[in-house]
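See below for final-v8.txt, which holds compact mmCIF, C-alpha atoms and all ligand atoms.
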```txt
# COMPACT_ATOMS: atom_id res chain seq x y z
CA MET A 1 -3.92 -33.49 19.47
CA GLN A 2 -3.77 -30.72 16.92
CA GLN A 3 -0.07 -30.20 16.31
CA GLY A 4 -0.92 -27.73 13.56
CA TRP A 5 -2.63 -25.42 16.00
CA ILE A 6 0.41 -25.45 18.29
CA GLN A 7 2.73 -24.66 15.40
CA GLN A 8 0.46 -21.87 14.32
CA ARG A 9 0.49 -20.39 17.84
CA GLU A 10 4.24 -20.83 18.12
CA ALA A 11 4.72 -19.06 14.82
CA THR A 12 2.54 -16.13 15.83
CA ALA A 13 3.05 -15.83 19.59
CA PRO A 14 6.70 -14.71 19.56
CA ALA A 15 5.69 -11.96 17.15
CA LEU A 16 3.78 -10.37 19.99
CA ALA A 17 4.53 -6.91 18.67
CA SER A 18 1.44 -7.34 16.50
CA PRO A 19 -1.09 -9.60 18.21
CA VAL A 20 -4.45 -9.82 16.46
CA HIS A 21 -7.38 -8.47 18.45
CA GLY A 22 -10.64 -6.70 17.80
CA ALA A 23 -9.44 -3.25 18.85
CA VAL A 24 -9.17 -0.32 16.46
CA ASP A 25 -5.75 -0.19 14.78
CA ALA A 26 -4.89 3.51 14.38
CA GLU A 27 -2.30 2.80 11.68
CA GLU A 28 -4.71 0.78 9.57
CA LEU A 29 -7.33 3.51 9.84
CA ALA A 30 -4.82 6.21 8.96
CA ALA A 31 -3.80 4.24 5.85
CA LEU A 32 -7.46 4.18 4.81
CA GLY A 33 -7.92 7.87 5.62
CA LEU A 34 -10.44 7.07 8.37
CA ASP A 35 -11.00 9.05 11.55
CA PRO A 36 -11.00 6.59 14.52
CA THR A 37 -13.86 8.47 16.20
CA GLN A 38 -16.03 7.85 13.13
CA VAL A 39 -15.53 4.08 13.16
CA THR A 40 -18.23 1.86 14.69
CA VAL A 41 -16.59 -1.07 16.43
CA PHE A 42 -18.32 -4.43 16.00
CA SER A 43 -15.00 -6.21 16.44
CA ALA A 44 -14.55 -5.84 20.23
CA SER A 45 -17.44 -7.27 22.20
CA VAL A 46 -18.04 -4.41 24.64
CA ASN A 47 -21.40 -3.24 26.05
CA PRO A 48 -22.31 -0.32 23.72
CA TYR A 49 -24.45 1.28 26.46
CA GLY A 50 -21.50 1.73 28.80
CA PRO A 51 -19.85 3.06 30.77
CA PRO A 52 -22.74 4.05 33.06
CA PRO A 53 -22.99 7.70 34.16
CA ARG A 54 -22.13 6.87 37.78
CA ILE A 55 -18.76 5.42 36.77
CA LEU A 56 -18.00 8.41 34.53
CA GLN A 57 -18.88 10.73 37.39
CA ALA A 58 -16.77 8.81 39.92
CA VAL A 59 -13.77 8.79 37.58
CA ARG A 60 -14.16 12.50 36.76
CA GLN A 61 -14.32 13.35 40.46
CA ALA A 62 -11.21 11.29 41.07
CA VAL A 63 -9.19 13.32 38.56
CA THR A 64 -7.60 15.59 41.16
CA GLU A 65 -3.99 16.73 41.34
CA GLN A 66 -3.44 14.71 44.48
CA ASN A 67 -4.98 11.54 43.09
CA LEU A 68 -2.93 11.76 39.91
CA ALA A 69 0.27 12.61 41.76
CA ARG A 70 0.11 9.85 44.39
CA TYR A 71 0.72 6.19 43.75
CA PRO A 72 -2.38 3.99 43.83
CA ASP A 73 -2.78 1.18 46.35
CA PRO A 74 -0.77 -1.66 44.74
CA GLU A 75 -2.98 -4.20 46.52
CA CYS A 76 -6.33 -2.61 45.54
CA ARG A 77 -7.51 -3.26 49.11
CA GLU A 78 -10.75 -1.27 49.02
CA LEU A 79 -11.81 -2.77 45.69
CA ARG A 80 -10.88 -6.29 46.83
CA GLN A 81 -12.97 -5.79 49.99
CA ALA A 82 -15.93 -4.74 47.86
CA LEU A 83 -15.41 -7.67 45.46
CA ALA A 84 -15.10 -10.00 48.45
CA ARG A 85 -18.52 -8.85 49.73
CA HIS A 86 -19.98 -9.24 46.24
CA HIS A 87 -18.69 -12.81 45.80
CA GLY A 88 -19.01 -13.91 49.44
CA LEU A 89 -15.28 -14.66 49.59
CA ASP A 90 -12.37 -13.56 51.76
CA PRO A 91 -10.22 -10.84 50.08
CA THR A 92 -7.25 -13.25 50.23
CA TRP A 93 -9.03 -15.17 47.43
CA ILE A 94 -9.15 -12.14 45.12
CA TRP A 95 -6.58 -10.30 43.02
CA VAL A 96 -7.04 -7.38 40.64
CA GLY A 97 -5.29 -6.82 37.34
CA ASN A 98 -4.87 -4.29 34.56
CA GLY A 99 -7.62 -6.06 32.65
CA SER A 100 -8.08 -9.80 32.92
CA ALA A 101 -5.50 -10.14 30.12
CA GLU A 102 -2.77 -9.23 32.63
CA LEU A 103 -4.03 -11.94 34.99
CA ILE A 104 -4.10 -14.54 32.19
CA TRP A 105 -0.41 -13.89 31.52
CA LEU A 106 0.43 -13.94 35.23
CA LEU A 107 -1.44 -17.24 35.69
CA ALA A 108 0.32 -18.72 32.67
CA ARG A 109 3.68 -17.77 34.18
CA ALA A 110 2.86 -18.72 37.77
CA LEU A 111 1.20 -22.06 37.01
CA GLY A 112 2.25 -22.95 33.47
CA ALA A 113 6.01 -22.35 33.33
CA ALA A 114 7.73 -25.55 32.17
CA ARG A 115 4.44 -27.45 32.66
CA GLN A 116 1.92 -29.14 30.38
CA ALA A 117 -1.02 -26.83 29.80
CA ALA A 118 -4.16 -27.43 27.76
CA VAL A 119 -6.17 -24.71 26.04
CA LEU A 120 -9.66 -25.60 24.88
CA ALA A 121 -9.80 -24.08 21.40
CA PRO A 122 -10.80 -22.29 19.18
CA THR A 123 -10.65 -19.52 21.74
CA PHE A 124 -9.19 -16.19 22.92
CA SER A 125 -5.52 -16.08 21.90
CA GLU A 126 -4.00 -14.79 25.13
CA TYR A 127 -4.06 -18.15 26.95
CA ALA A 128 -1.78 -19.65 24.30
CA ASN A 129 0.30 -16.47 23.98
CA GLY A 130 0.84 -16.26 27.75
CA LEU A 131 1.64 -19.97 28.02
CA LEU A 132 4.10 -19.94 25.14
CA ALA A 133 5.83 -16.88 26.59
CA ALA A 134 6.06 -18.81 29.89
CA ASP A 135 7.69 -21.79 28.16
CA ALA A 136 4.77 -24.05 28.93
CA THR A 137 4.14 -27.08 26.76
CA LEU A 138 0.94 -26.23 24.96
CA LEU A 139 -1.57 -29.06 24.55
CA PRO A 140 -4.41 -27.85 22.36
CA VAL A 141 -7.70 -29.68 22.79
CA SER A 142 -10.71 -28.92 20.61
CA LEU A 143 -13.83 -27.63 22.29
CA PRO A 144 -17.02 -29.65 21.88
CA GLY A 145 -18.38 -28.97 18.39
CA TRP A 146 -14.96 -28.38 16.76
CA ARG A 147 -12.07 -30.33 15.30
CA TRP A 148 -8.71 -29.30 13.91
CA THR A 149 -8.42 -30.22 10.23
CA SER A 150 -5.47 -31.07 8.01
CA ALA A 151 -6.31 -27.88 6.09
CA GLY A 152 -4.92 -25.95 9.08
CA HIS A 153 -8.06 -24.61 10.73
CA PHE A 154 -10.89 -25.63 13.05
CA ALA A 155 -14.02 -27.01 11.42
CA PRO A 156 -17.47 -27.56 12.95
CA GLU A 157 -17.99 -31.04 14.34
CA GLU A 158 -20.74 -32.90 16.15
CA ASP A 159 -21.34 -31.25 19.51
CA ASP A 160 -20.10 -34.09 21.70
CA LEU A 161 -18.15 -34.03 24.98
CA ALA A 162 -16.71 -37.54 24.60
CA PRO A 163 -13.83 -36.76 22.18
CA VAL A 164 -12.87 -33.75 24.29
CA GLN A 165 -12.81 -35.87 27.43
CA GLU A 166 -10.71 -38.43 25.61
CA ALA A 167 -8.23 -35.80 24.40
CA LEU A 168 -7.96 -34.34 27.91
CA ALA A 169 -7.46 -37.76 29.49
CA GLN A 170 -4.71 -38.49 26.97
CA ALA A 171 -3.03 -35.09 27.30
CA LYS A 172 -2.91 -35.24 31.14
CA PRO A 173 -2.46 -31.48 31.49
CA GLU A 174 -1.36 -29.88 34.75
CA LEU A 175 -3.16 -26.66 33.88
CA VAL A 176 -6.27 -26.05 31.73
CA PHE A 177 -7.64 -22.79 30.34
CA LEU A 178 -11.35 -22.85 29.52
CA CYS A 179 -13.23 -19.79 28.27
CA ASN A 180 -16.88 -19.97 29.32
CA PRO A 181 -18.86 -18.60 27.56
CA ASN A 182 -16.32 -18.99 24.80
CA ASN A 183 -14.86 -16.29 22.61
CA PRO A 184 -15.29 -16.35 19.56
CA THR A 185 -18.00 -19.05 19.35
CA GLY A 186 -20.38 -17.54 21.91
CA ARG A 187 -21.25 -20.96 23.32
CA LEU A 188 -21.89 -21.41 27.07
CA LEU A 189 -21.11 -24.78 28.65
CA THR A 190 -23.39 -25.82 31.52
CA PRO A 191 -22.02 -26.65 34.99
CA GLN A 192 -22.60 -30.34 34.22
CA GLU A 193 -20.62 -30.10 30.97
CA VAL A 194 -17.71 -28.30 32.62
CA GLN A 195 -17.66 -30.83 35.45
CA ALA A 196 -17.70 -33.68 32.95
CA LEU A 197 -14.67 -32.17 31.19
CA GLN A 198 -12.90 -31.61 34.50
CA ARG A 199 -13.39 -35.26 35.45
CA ALA A 200 -11.29 -36.15 32.39
CA ALA A 201 -8.34 -34.10 33.73
CA PRO A 202 -8.94 -34.22 37.50
CA ASP A 203 -5.32 -33.55 38.46
CA ALA A 204 -5.15 -30.31 36.53
CA PHE A 205 -5.69 -26.83 37.91
CA TRP A 206 -8.60 -25.36 35.94
CA VAL A 207 -8.81 -21.68 35.04
CA VAL A 208 -12.25 -20.66 33.81
CA ASP A 209 -12.36 -17.29 32.06
CA GLU A 210 -15.83 -15.85 32.63
CA ALA A 211 -15.18 -12.47 30.96
CA PHE A 212 -18.48 -12.73 29.08
CA MET A 213 -20.60 -14.45 31.75
CA PRO A 214 -22.54 -11.25 32.66
CA PHE A 215 -23.90 -11.16 29.08
CA VAL A 216 -25.60 -14.56 29.44
CA ALA A 217 -29.37 -14.59 30.11
CA GLN A 218 -28.97 -17.17 32.88
CA PRO A 219 -25.41 -16.85 34.12
CA TRP A 220 -23.69 -19.31 36.42
CA THR A 221 -20.16 -19.35 37.80
CA ALA A 222 -17.47 -21.94 38.42
CA ALA A 223 -16.59 -19.86 41.52
CA GLU A 224 -18.77 -22.17 43.58
CA TRP A 225 -16.08 -24.86 43.10
CA LEU A 226 -13.24 -22.66 44.39
CA PRO A 227 -13.16 -24.37 47.83
CA THR A 228 -11.96 -27.63 46.21
CA GLY A 229 -8.67 -25.84 45.48
CA ASN A 230 -8.55 -26.90 41.81
CA TRP A 231 -10.28 -23.95 40.22
CA ALA A 232 -9.73 -20.29 39.48
CA VAL A 233 -12.19 -17.89 37.87
CA LEU A 234 -11.29 -14.83 35.82
CA ARG A 235 -13.65 -11.89 35.55
CA SER A 236 -13.34 -8.72 33.47
CA LEU A 237 -15.05 -5.40 34.13
CA THR A 238 -14.07 -3.97 30.76
CA LYS A 239 -16.78 -5.58 28.64
CA ASP A 240 -19.98 -5.46 30.68
CA PHE A 241 -19.28 -1.94 32.01
CA GLY A 242 -17.61 -0.59 28.86
CA LEU A 243 -14.21 0.07 30.48
CA SER A 244 -11.85 -1.47 27.91
CA GLY A 245 -9.78 1.70 27.70
CA LEU A 246 -9.44 2.00 31.48
CA ARG A 247 -8.48 -1.70 32.04
CA LEU A 248 -9.80 -3.71 34.98
CA GLY A 249 -10.23 -7.40 35.70
CA TYR A 250 -9.94 -9.74 38.66
CA LEU A 251 -9.14 -13.27 39.65
CA LEU A 252 -10.89 -15.50 42.17
CA ALA A 253 -8.50 -18.25 43.27
CA PRO A 254 -7.11 -20.05 46.33
CA PRO A 255 -4.77 -17.82 48.39
CA SER A 256 -1.70 -19.85 47.35
CA VAL A 257 -2.41 -19.02 43.69
CA ILE A 258 -3.04 -15.37 44.57
CA GLN A 259 0.34 -15.28 46.33
CA ALA A 260 2.04 -16.76 43.26
CA ILE A 261 0.43 -14.10 41.03
CA ARG A 262 1.36 -11.28 43.39
CA ALA A 263 4.99 -12.30 43.33
CA LEU A 264 5.09 -11.84 39.55
CA GLN A 265 2.99 -8.71 39.10
CA PRO A 266 4.82 -5.38 38.88
CA PRO A 267 3.49 -2.88 41.43
CA TRP A 268 0.77 -0.34 40.56
CA THR A 269 -0.42 -1.88 37.31
CA VAL A 270 -4.00 -1.06 38.37
CA ASN A 271 -4.16 2.72 38.42
CA ARG A 272 -6.23 4.79 40.84
CA LEU A 273 -8.91 5.72 38.30
CA ALA A 274 -9.48 2.06 37.44
CA GLN A 275 -9.83 1.23 41.14
CA VAL A 276 -12.36 4.05 41.56
CA ALA A 277 -14.26 2.80 38.51
CA GLY A 278 -14.32 -0.73 39.91
CA LEU A 279 -15.86 0.47 43.18
CA ALA A 280 -18.48 2.48 41.28
CA ALA A 281 -19.21 -0.53 39.03
CA LEU A 282 -20.13 -2.64 42.03
CA GLU A 283 -22.76 0.02 42.87
CA GLU A 284 -24.14 -0.27 39.34
CA LEU A 285 -25.09 -3.93 39.10
CA ALA A 286 -28.73 -3.01 38.38
CA TRP A 287 -27.54 -0.81 35.49
CA ARG A 288 -25.51 -3.73 34.16
CA GLU A 289 -28.44 -6.11 34.34
CA ALA A 290 -30.82 -3.68 32.62
CA SER A 291 -28.41 -2.65 29.87
CA LEU A 292 -27.39 -6.23 29.11
CA ALA A 293 -31.05 -7.34 29.00
CA ARG A 294 -31.63 -4.60 26.46
CA LEU A 295 -28.56 -5.70 24.52
CA ARG A 296 -29.90 -9.27 24.37
CA THR A 297 -33.08 -7.96 22.76
CA ASP A 298 -30.99 -5.84 20.35
CA GLY A 299 -29.05 -9.00 19.51
CA GLN A 300 -32.19 -10.99 18.72
CA VAL A 301 -33.40 -8.25 16.36
CA PHE A 302 -29.93 -7.91 14.77
CA ARG A 303 -29.72 -11.62 14.11
CA SER A 304 -33.24 -11.93 12.73
CA VAL A 305 -32.63 -9.01 10.35
CA LEU A 306 -29.42 -10.70 9.18
CA GLU A 307 -31.43 -13.87 8.57
CA GLU A 308 -34.03 -11.92 6.60
CA ALA A 309 -31.15 -10.61 4.48
CA GLY A 310 -30.27 -14.23 3.67
CA LEU A 311 -27.34 -14.56 6.08
CA CYS A 312 -26.91 -17.33 8.67
CA PRO A 313 -25.71 -16.03 12.05
CA TRP A 314 -24.71 -18.87 14.34
CA PRO A 315 -26.47 -19.46 17.65
CA THR A 316 -24.94 -17.67 20.61
CA ASP A 317 -25.36 -17.25 24.36
CA VAL A 318 -23.70 -13.82 24.46
CA ASN A 319 -23.31 -10.42 22.77
CA PHE A 320 -21.31 -11.64 19.77
CA PHE A 321 -21.72 -14.40 17.23
CA LEU A 322 -20.08 -16.02 14.25
CA LEU A 323 -21.33 -15.23 10.77
CA PRO A 324 -20.25 -17.63 8.00
CA MET A 325 -18.79 -15.59 5.15
CA ASP A 326 -16.86 -16.28 1.97
CA ASP A 327 -13.65 -14.27 1.96
CA PRO A 328 -14.03 -12.64 5.40
CA ALA A 329 -10.84 -10.57 4.94
CA ARG A 330 -12.26 -8.88 1.83
CA VAL A 331 -15.62 -8.25 3.48
CA ARG A 332 -13.95 -6.86 6.61
CA LEU A 333 -11.90 -4.40 4.57
CA ALA A 334 -14.87 -3.33 2.47
CA LEU A 335 -16.91 -2.68 5.63
CA LEU A 336 -14.04 -0.86 7.27
CA ARG A 337 -13.86 1.54 4.32
CA GLN A 338 -17.43 2.44 5.28
CA GLY A 339 -16.43 2.96 8.92
CA LEU A 340 -17.72 -0.42 10.18
CA LEU A 341 -15.07 -2.53 11.91
CA VAL A 342 -15.83 -6.26 12.19
CA ARG A 343 -13.60 -9.17 13.18
CA ASP A 344 -12.26 -11.64 10.65
CA ALA A 345 -12.21 -14.88 12.72
CA THR A 346 -9.27 -16.35 10.76
CA SER A 347 -6.86 -15.43 13.58
CA PHE A 348 -8.82 -17.74 15.92
CA GLY A 349 -8.03 -20.61 13.53
CA LEU A 350 -11.52 -20.38 12.02
CA ALA A 351 -11.83 -20.21 8.26
CA GLY A 352 -14.80 -18.51 6.62
CA PHE A 353 -16.32 -16.56 9.51
CA LEU A 354 -16.73 -13.01 10.67
CA ARG A 355 -17.34 -12.39 14.37
CA LEU A 356 -19.84 -9.60 14.99
CA SER A 357 -20.66 -8.04 18.33
CA VAL A 358 -24.08 -6.57 19.02
CA ARG A 359 -24.26 -2.78 19.16
CA ARG A 360 -27.12 -0.29 19.45
CA PRO A 361 -30.08 -0.88 17.08
CA ALA A 362 -29.30 1.90 14.57
CA GLU A 363 -25.67 0.76 14.34
CA ASN A 364 -26.70 -2.87 13.85
CA GLN A 365 -29.11 -1.78 11.14
CA ARG A 366 -26.35 0.12 9.36
CA LEU A 367 -24.13 -2.94 9.36
CA VAL A 368 -26.89 -5.17 7.99
CA GLN A 369 -27.51 -2.68 5.17
CA ALA A 370 -23.82 -2.39 4.33
CA LEU A 371 -23.39 -6.17 4.37
CA GLY A 372 -26.49 -6.65 2.22
CA GLN A 373 -25.21 -4.19 -0.38
CA LEU A 374 -21.72 -5.68 -0.37
CA LEU A 375 -22.95 -9.20 -0.83
CA LEU A 376 -25.48 -8.24 -3.49
CA ASN A 377 -22.80 -6.41 -5.47
CA ARG A 378 -20.32 -9.24 -5.09
CA PRO A 379 -18.44 -9.92 -8.34
CA GLY A 380 -19.73 -13.21 -9.78
C1 LIG A 401 -12.40 -14.24 26.63
C2 LIG A 401 -11.62 -13.03 27.00
N1 LIG A 401 -11.01 -12.98 28.18
C3 LIG A 401 -10.30 -11.91 28.55
C4 LIG A 401 -10.16 -10.83 27.71
C5 LIG A 401 -9.35 -9.66 28.17
O1 LIG A 401 -10.20 -8.71 28.71
P1 LIG A 401 -9.68 -7.51 29.59
O2 LIG A 401 -8.21 -7.62 29.68
O3 LIG A 401 -10.14 -6.27 28.89
O4 LIG A 401 -10.34 -7.70 30.94
C6 LIG A 401 -10.78 -10.83 26.47
C7 LIG A 401 -10.65 -9.68 25.56
O5 LIG A 401 -11.13 -9.67 24.47
C8 LIG A 401 -11.53 -11.97 26.09
O6 LIG A 401 -12.13 -12.03 24.91
```

Would you mind giving the structure from this file in structure tokens?
Ligand SMILES: Cc1ncc(COP(=O)(O)O)c(C=O)c1O
Amino acid sequence: MQQGWIQQREATAPALASPVHGAVDAEELAALGLDPTQVTVFSASVNPYGPPPRILQAVRQAVTEQNLARYPDPECRELRQALARHHGLDPTWIWVGNGSAELIWLLARALGAARQAAVLAPTFSEYANGLLAADATLLPVSLPGWRWTSAGHFAPEEDDLAPVQEALAQAKPELVFLCNPNNPTGRLLTPQEVQALQRAAPDAFWVVDEAFMPFVAQPWTAAEWLPTGNWAVLRSLTKDFGLSGLRLGYLLAPPSVIQAIRALQPPWTVNRLAQVAGLAALEELAWREASLARLRTDGQVFRSVLEEAGLCPWPTDVNFFLLPMDDPARVRLALLRQGLLVRDATSFGLAGFLRLSVRRPAENQRLVQALGQLLLNRPG
């Protein structure tokens, strides 16, 4: 059990006024004299080809006086019907949120309050933040391939399920958050691996965050296990469709869990334009597939050019990857001064890594050049 990781989360989570994420920080840019529209964002892993024209058109058409003046459907019925058809589920198994981040916090409160909850880490910070805010007891468990060190960060470890299973069996959590594929490591666990982990904590309710599953070449979903009653699956529409500013995500879970979430969610958090965008997105699955296939090719080129420049991008299953880097904070700031925003992975508990997302080819090329120059001119 990595007590240090818990303490680190406890120290940072209450200070939620300034959570660390990959989004553009207007204040930081202003201090550097940068115009936000001129900054290329490699720090938030969003499809750079989105949003598709059909969504833009649907949202533009929905900007009418009446639509803006009237309250949206607080139950997102039409969108849930469409999602139900897409997933082959009854709408009672689906709930929509203002981004999947809202649903993470609602799940933490509904299922984690005063309970023992495990987070497989290093991972996205909002599971721990939501759980700590809900007064859950946080039981951090390292993901396969990682261990928490006495130096106060995660370090790479042999990629083995056994110690993770052992830690889960010992922790006996009532709730588990698993990000698959995982942010920030980009690693996808197979169905067999996830099942093997679940067998080590069979009494827990398992929440699998599949925000980045559409980016995987051969995606799979834990949604097929929903009927057992022990699983929930989170999906986001903000990354694959490029809707991070609009906010839209959904939860697939047994109706009892959906009811618990509903009871905690303020009404109308999903606005009408987001609901319209969600319906249009479900008509644009072919666009998503084509643009993400293109992005995978862009990613292969990006990574091989980084390798040619003498850098060592880590393997990934998605549209972002870790890049080992001495002094990532310094490199991030130097790149930002040139209008290139990357993520220093220190806030994930990782020391010595940047996390880069894949963007369009010319943008990727610009980043490689800037990095090459920076590292060549590094003071000895
Ligand atoms: C793994 C993961 N899940 C969920 C989210 C939240 O996504 P959203 O609230 O935009 O749907 C993020 C955002 O970065 C993420 O990285």

Which residues of chain A come within 6 Å of ligand LIG 401 (chain A), and what is each one's closest atom pair and distance in Å (one decimal), counting only C-alpha atoms and all ligand atoms, sorted by chain and residue number, as a tab-separated table?
```
residue	atom	partner	partner_atom	distance
A:Gly99	CA	A:LIG401	O2	3.4
A:Ser100	CA	A:LIG401	O4	3.7
A:Ala101	CA	A:LIG401	O2	3.7
A:Phe124	CA	A:LIG401	C1	5.3
A:Cys179	CA	A:LIG401	C1	5.8
A:Asn183	CA	A:LIG401	C1	5.1
A:Asp209	CA	A:LIG401	N1	6.0
A:Ala211	CA	A:LIG401	N1	5.0
A:Ser236	CA	A:LIG401	O4	4.1
A:Thr238	CA	A:LIG401	O3	4.9
A:Ser244	CA	A:LIG401	O3	5.2
A:Arg247	CA	A:LIG401	O3	5.8
A:Leu248	CA	A:LIG401	O4	5.7
A:Gly249	CA	A:LIG401	O4	4.8
```

>> Just to confirm, what's the straight-line distance from atom CA of A:Thr137 to atom CA of A:Gln8 in Å (one decimal)?
In response: 14.0 Å

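Closest approach to A:Asp159 from the set A:Lys172, A:Leu139, A:Thr269, A:Glu193 is made by A:Glu193, with distances taken over only C-alpha atoms.
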
Sorted by chain and rising residue number, list the residues of stretch 28-116 of chain A at most 9 Å from stretch 325-337 of chain A (counting all atoms listed in the file), each with its closest atom pair and distance in Å to one decimal, as a tab-separated table.
```
residue	atom	partner	partner_atom	distance
A:Leu29	CA	A:Leu336	CA	8.4
A:Leu32	CA	A:Arg337	CA	6.9
A:Gly33	CA	A:Arg337	CA	8.8
A:Leu34	CA	A:Arg337	CA	7.7
A:Val39	CA	A:Leu336	CA	7.8
A:Thr40	CA	A:Leu336	CA	8.9
```

>> To one decimal place in Å, what is the distance between atom CA of A:Pro202 and atom CA of A:Gly349?
In response: 27.6 Å

>> When you count all atoms listed in the file, which of these residues is closest to A:Arg109: A:Ala200, A:Val46, A:Leu83, A:Ala263?
In response: A:Ala263
